[in-house]
Amino acid sequence: MSESPSGSPRLDAYADPDRRVMEKAYARWAPLYDVVCGPIFESGRRAAAAAARRVGGRILEVGVGTGLSFADYDHTTAVVGIDMSAPMVAKARARLATGRFPHVESVMVMDASDLAFADAAFDCVVAQFVITLVADPERVLDECARVVRPGGEIILVNHLYSETGLTAAIERLLARPSRALGLRPEFPFARLAAWAERHGAVALIERRPIKPLGVYTLVRFRRLADEAARAAA
Ligand SMILES: C[S@@+](CC[C@H](N)C(=O)[O-])C[C@H]1O[C@@H](n2cnc3c(N)ncnc32)[C@H](O)[C@@H]1O
């Protein structure tokens, strides 16, 4: 992302999002997010949380937003949420303060590209509608892989680029205007697969469209045990 002469970020179509643009967008979204985005993202959020519950244990939610997913976990899990947007985290903390989610340990303001957790600290890392919006997706994925234990999973859910046809053309058209709204319709699955290939210590284990409409894709990676990663190298 480059800067305009005034110093404000310039929106290059297809470039990875600028952090400041996203921060601004989600500060604006925070008061409305649950009402507007809650129902829109529900099927994806539920599918990702269900997959994470199957792993169980300590779960890190990256880009937890207002904590809409808290209700999708239960006592079999211990959830920690992080998000770079202070207004979104304030909403998540208010939700936590209701006392209805004892399985959620804490929610913190933190950048997903620089996680303040030890290596292998979590059984599972979940990012729902986040990876396409971060300034450096591969670095965020590296961080997710670092903090998940060998045998644990990274679970993503997102709308991904349709690649072909009219829908893809519309997504390309919307790429630029949607960025200021904190959205990104043209992020390809191939980029996630290429990251896993390069990383060497993760394996892509699932890619599936989410019912009923198939608009969102669930992607799961498994962190390989050290020996398996060495053998695969
Ligand atoms: C579309 S919202 C999704 C929120 C929540 N996961 C959900 O499904 O409702 C995207 C979230 O990602 C957060 N985000 C974007 N870039 C981030 C980064 N680098 N680190 C942490 N959070 C980030 C935004 O602040 C926002 O809350």
# chains A, B, ... in the order shown; residues from 1 in each chain; ligands from 1
call {"tool": "residues_near_ligand", "arguments": {"ligand": "ligand 1", "cutoff": "6 Å", "atoms": "only C-alpha atoms and all ligand atoms", "output": "list in words"}}
result
Tyr26, Arg45, Gly63, Val64, Gly65, Leu68, Asp83, Met84, Ser85, Met88, Met110, Asp111, Ala112, Ser113, Gln128, Phe129, Val130, Leu133 and Val134 of chain A
call {"tool": "write_last_selection", "arguments": {"atoms": "N, CA and C atoms", "output": "JSON list (two decimals), in the first residue's frame"}}
result
[["chain", "number", "residue", "atom", "x", "y", "z"],
["A", 26, "TYR", "N", -13.12, -0.63, 11.11],
["A", 26, "TYR", "CA", -13.73, -1.39, 12.20],
["A", 26, "TYR", "C", -14.08, -0.52, 13.40],
["A", 45, "ARG", "N", -19.28, -18.58, 10.75],
["A", 45, "ARG", "CA", -18.78, -18.53, 12.14],
["A", 45, "ARG", "C", -19.10, -19.84, 12.85],
["A", 63, "GLY", "N", -8.68, -12.04, 15.49],
["A", 63, "GLY", "CA", -9.68, -11.15, 14.88],
["A", 63, "GLY", "C", -11.06, -11.49, 15.44],
["A", 64, "VAL", "N", -11.14, -11.57, 16.75],
["A", 64, "VAL", "CA", -12.36, -12.05, 17.42],
["A", 64, "VAL", "C", -13.53, -11.06, 17.28],
["A", 65, "GLY", "N", -13.20, -9.82, 16.92],
["A", 65, "GLY", "CA", -14.25, -8.83, 16.71],
["A", 65, "GLY", "C", -15.01, -8.55, 17.99],
["A", 68, "LEU", "N", -18.93, -12.30, 18.78],
["A", 68, "LEU", "CA", -20.17, -12.97, 18.39],
["A", 68, "LEU", "C", -20.05, -14.49, 18.50],
["A", 83, "ASP", "N", -7.86, -9.00, 18.93],
["A", 83, "ASP", "CA", -8.28, -8.20, 17.77],
["A", 83, "ASP", "C", -7.51, -6.88, 17.84],
["A", 84, "MET", "N", -7.15, -6.35, 16.68],
["A", 84, "MET", "CA", -6.38, -5.10, 16.70],
["A", 84, "MET", "C", -7.26, -3.87, 16.94],
["A", 85, "SER", "N", -8.58, -4.04, 16.80],
["A", 85, "SER", "CA", -9.48, -2.89, 16.92],
["A", 85, "SER", "C", -9.97, -2.72, 18.35],
["A", 88, "MET", "N", -13.80, -2.71, 18.72],
["A", 88, "MET", "CA", -14.39, -4.06, 18.59],
["A", 88, "MET", "C", -14.12, -4.85, 19.88],
["A", 110, "MET", "N", -4.63, -6.82, 20.18],
["A", 110, "MET", "CA", -3.33, -7.36, 19.73],
["A", 110, "MET", "C", -3.36, -7.49, 18.21],
["A", 111, "ASP", "N", -2.20, -7.28, 17.60],
["A", 111, "ASP", "CA", -2.10, -7.44, 16.15],
["A", 111, "ASP", "C", -1.79, -8.91, 15.84],
["A", 112, "ALA", "N", -2.58, -9.50, 14.95],
["A", 112, "ALA", "CA", -2.40, -10.91, 14.62],
["A", 112, "ALA", "C", -1.04, -11.19, 13.97],
["A", 113, "SER", "N", -0.38, -10.17, 13.47],
["A", 113, "SER", "CA", 0.91, -10.41, 12.84],
["A", 113, "SER", "C", 2.05, -10.41, 13.86],
["A", 128, "GLN", "N", -12.03, -16.17, 11.80],
["A", 128, "GLN", "CA", -13.28, -16.13, 11.04],
["A", 128, "GLN", "C", -13.40, -14.77, 10.35],
["A", 129, "PHE", "N", -13.37, -14.78, 9.05],
["A", 129, "PHE", "CA", -13.53, -13.55, 8.25],
["A", 129, "PHE", "C", -12.43, -12.53, 8.59],
["A", 130, "VAL", "N", -11.21, -13.01, 8.67],
["A", 130, "VAL", "CA", -10.10, -12.14, 9.07],
["A", 130, "VAL", "C", -8.94, -12.18, 8.08],
["A", 133, "LEU", "N", -8.29, -9.76, 5.40],
["A", 133, "LEU", "CA", -8.33, -8.34, 5.76],
["A", 133, "LEU", "C", -7.05, -7.84, 6.41],
["A", 134, "VAL", "N", -6.13, -8.76, 6.69],
["A", 134, "VAL", "CA", -4.91, -8.32, 7.39],
["A", 134, "VAL", "C", -3.90, -7.77, 6.39]]
call {"tool": "residues_around", "arguments": {"residues": "region 176-187 of chain A", "least_positions_apart": "4", "cutoff": "6 Å", "atoms": "only C-alpha atoms", "output": "PyMOL selection string"}}
result
chain A and resi 13+22+25+160-161+171
call {"tool": "closest_residue", "arguments": {"among": "A:Val62, A:Asp72, A:Pro87, A:Gly56", "to": "Trp29 (chain A)", "atoms": "only C-alpha atoms"}}
result
A:Pro87
call {"tool": "closest_residue", "arguments": {"among": "A:Trp195, A:Tyr33, A:Tyr14, A:Tyr73", "to": "Ala48 (chain A)", "atoms": "only C-alpha atoms"}}
result
A:Tyr73
call {"tool": "select_by_dssp", "arguments": {"residues": "region 66-190 of chain A", "states": "strand (DSSP E)", "output": "PyMOL selection string"}}
result
chain A and resi 77-83+104-109+122-128+148-158
call {"tool": "closest_residue", "arguments": {"among": "A:Arg146, A:His103, A:Arg54, A:Arg198", "to": "Phe117 (chain A)", "atoms": "only C-alpha atoms"}}
result
A:Arg146
call {"tool": "select_by_dssp", "arguments": {"residues": "chain A", "states": "alpha helix (DSSP H)", "output": "count of residues only"}}
result
89
call {"tool": "residues_around", "arguments": {"residues": "region 138-141 of chain A", "least_positions_apart": "2", "cutoff": "12 Å", "atoms": "only C-alpha atoms", "output": "ChimeraX atom specification"}}
result
/A:16,62-63,110-115,125-127,130-136,143-148,153-156,191-199,201-202,220-221,223
call {"tool": "closest_residue", "arguments": {"among": "A:Arg28, A:Arg58, A:Lys211, A:Arg222", "to": "Ala86 (chain A)", "atoms": "only C-alpha atoms"}}
result
A:Arg28
call {"tool": "atom_distance", "arguments": {"atom1": "CA of Ala120 (chain A)", "atom2": "CA of Gly152 (chain A)"}}
result
8.7 Å
call {"tool": "residues_around", "arguments": {"residues": "Gly214 (chain A)", "least_positions_apart": "5", "cutoff": "12 Å", "atoms": "only C-alpha atoms", "output": "list of chain:residue names"}}
result
A:Ser43, A:Gly44, A:Ala47, A:Val157, A:Asn158, A:His159, A:Leu160, A:Ser162, A:Arg207, A:Arg208, A:Pro209
call {"tool": "closest_residue", "arguments": {"among": "A:Leu218, A:Val89, A:Ala175, A:Ala229", "to": "Glu23 (chain A)", "atoms": "only C-alpha atoms"}}
result
A:Val89
call {"tool": "atom_distance", "arguments": {"atom1": "CA of Phe41 (chain A)", "atom2": "CA of Lys91 (chain A)"}}
result
17.2 Å
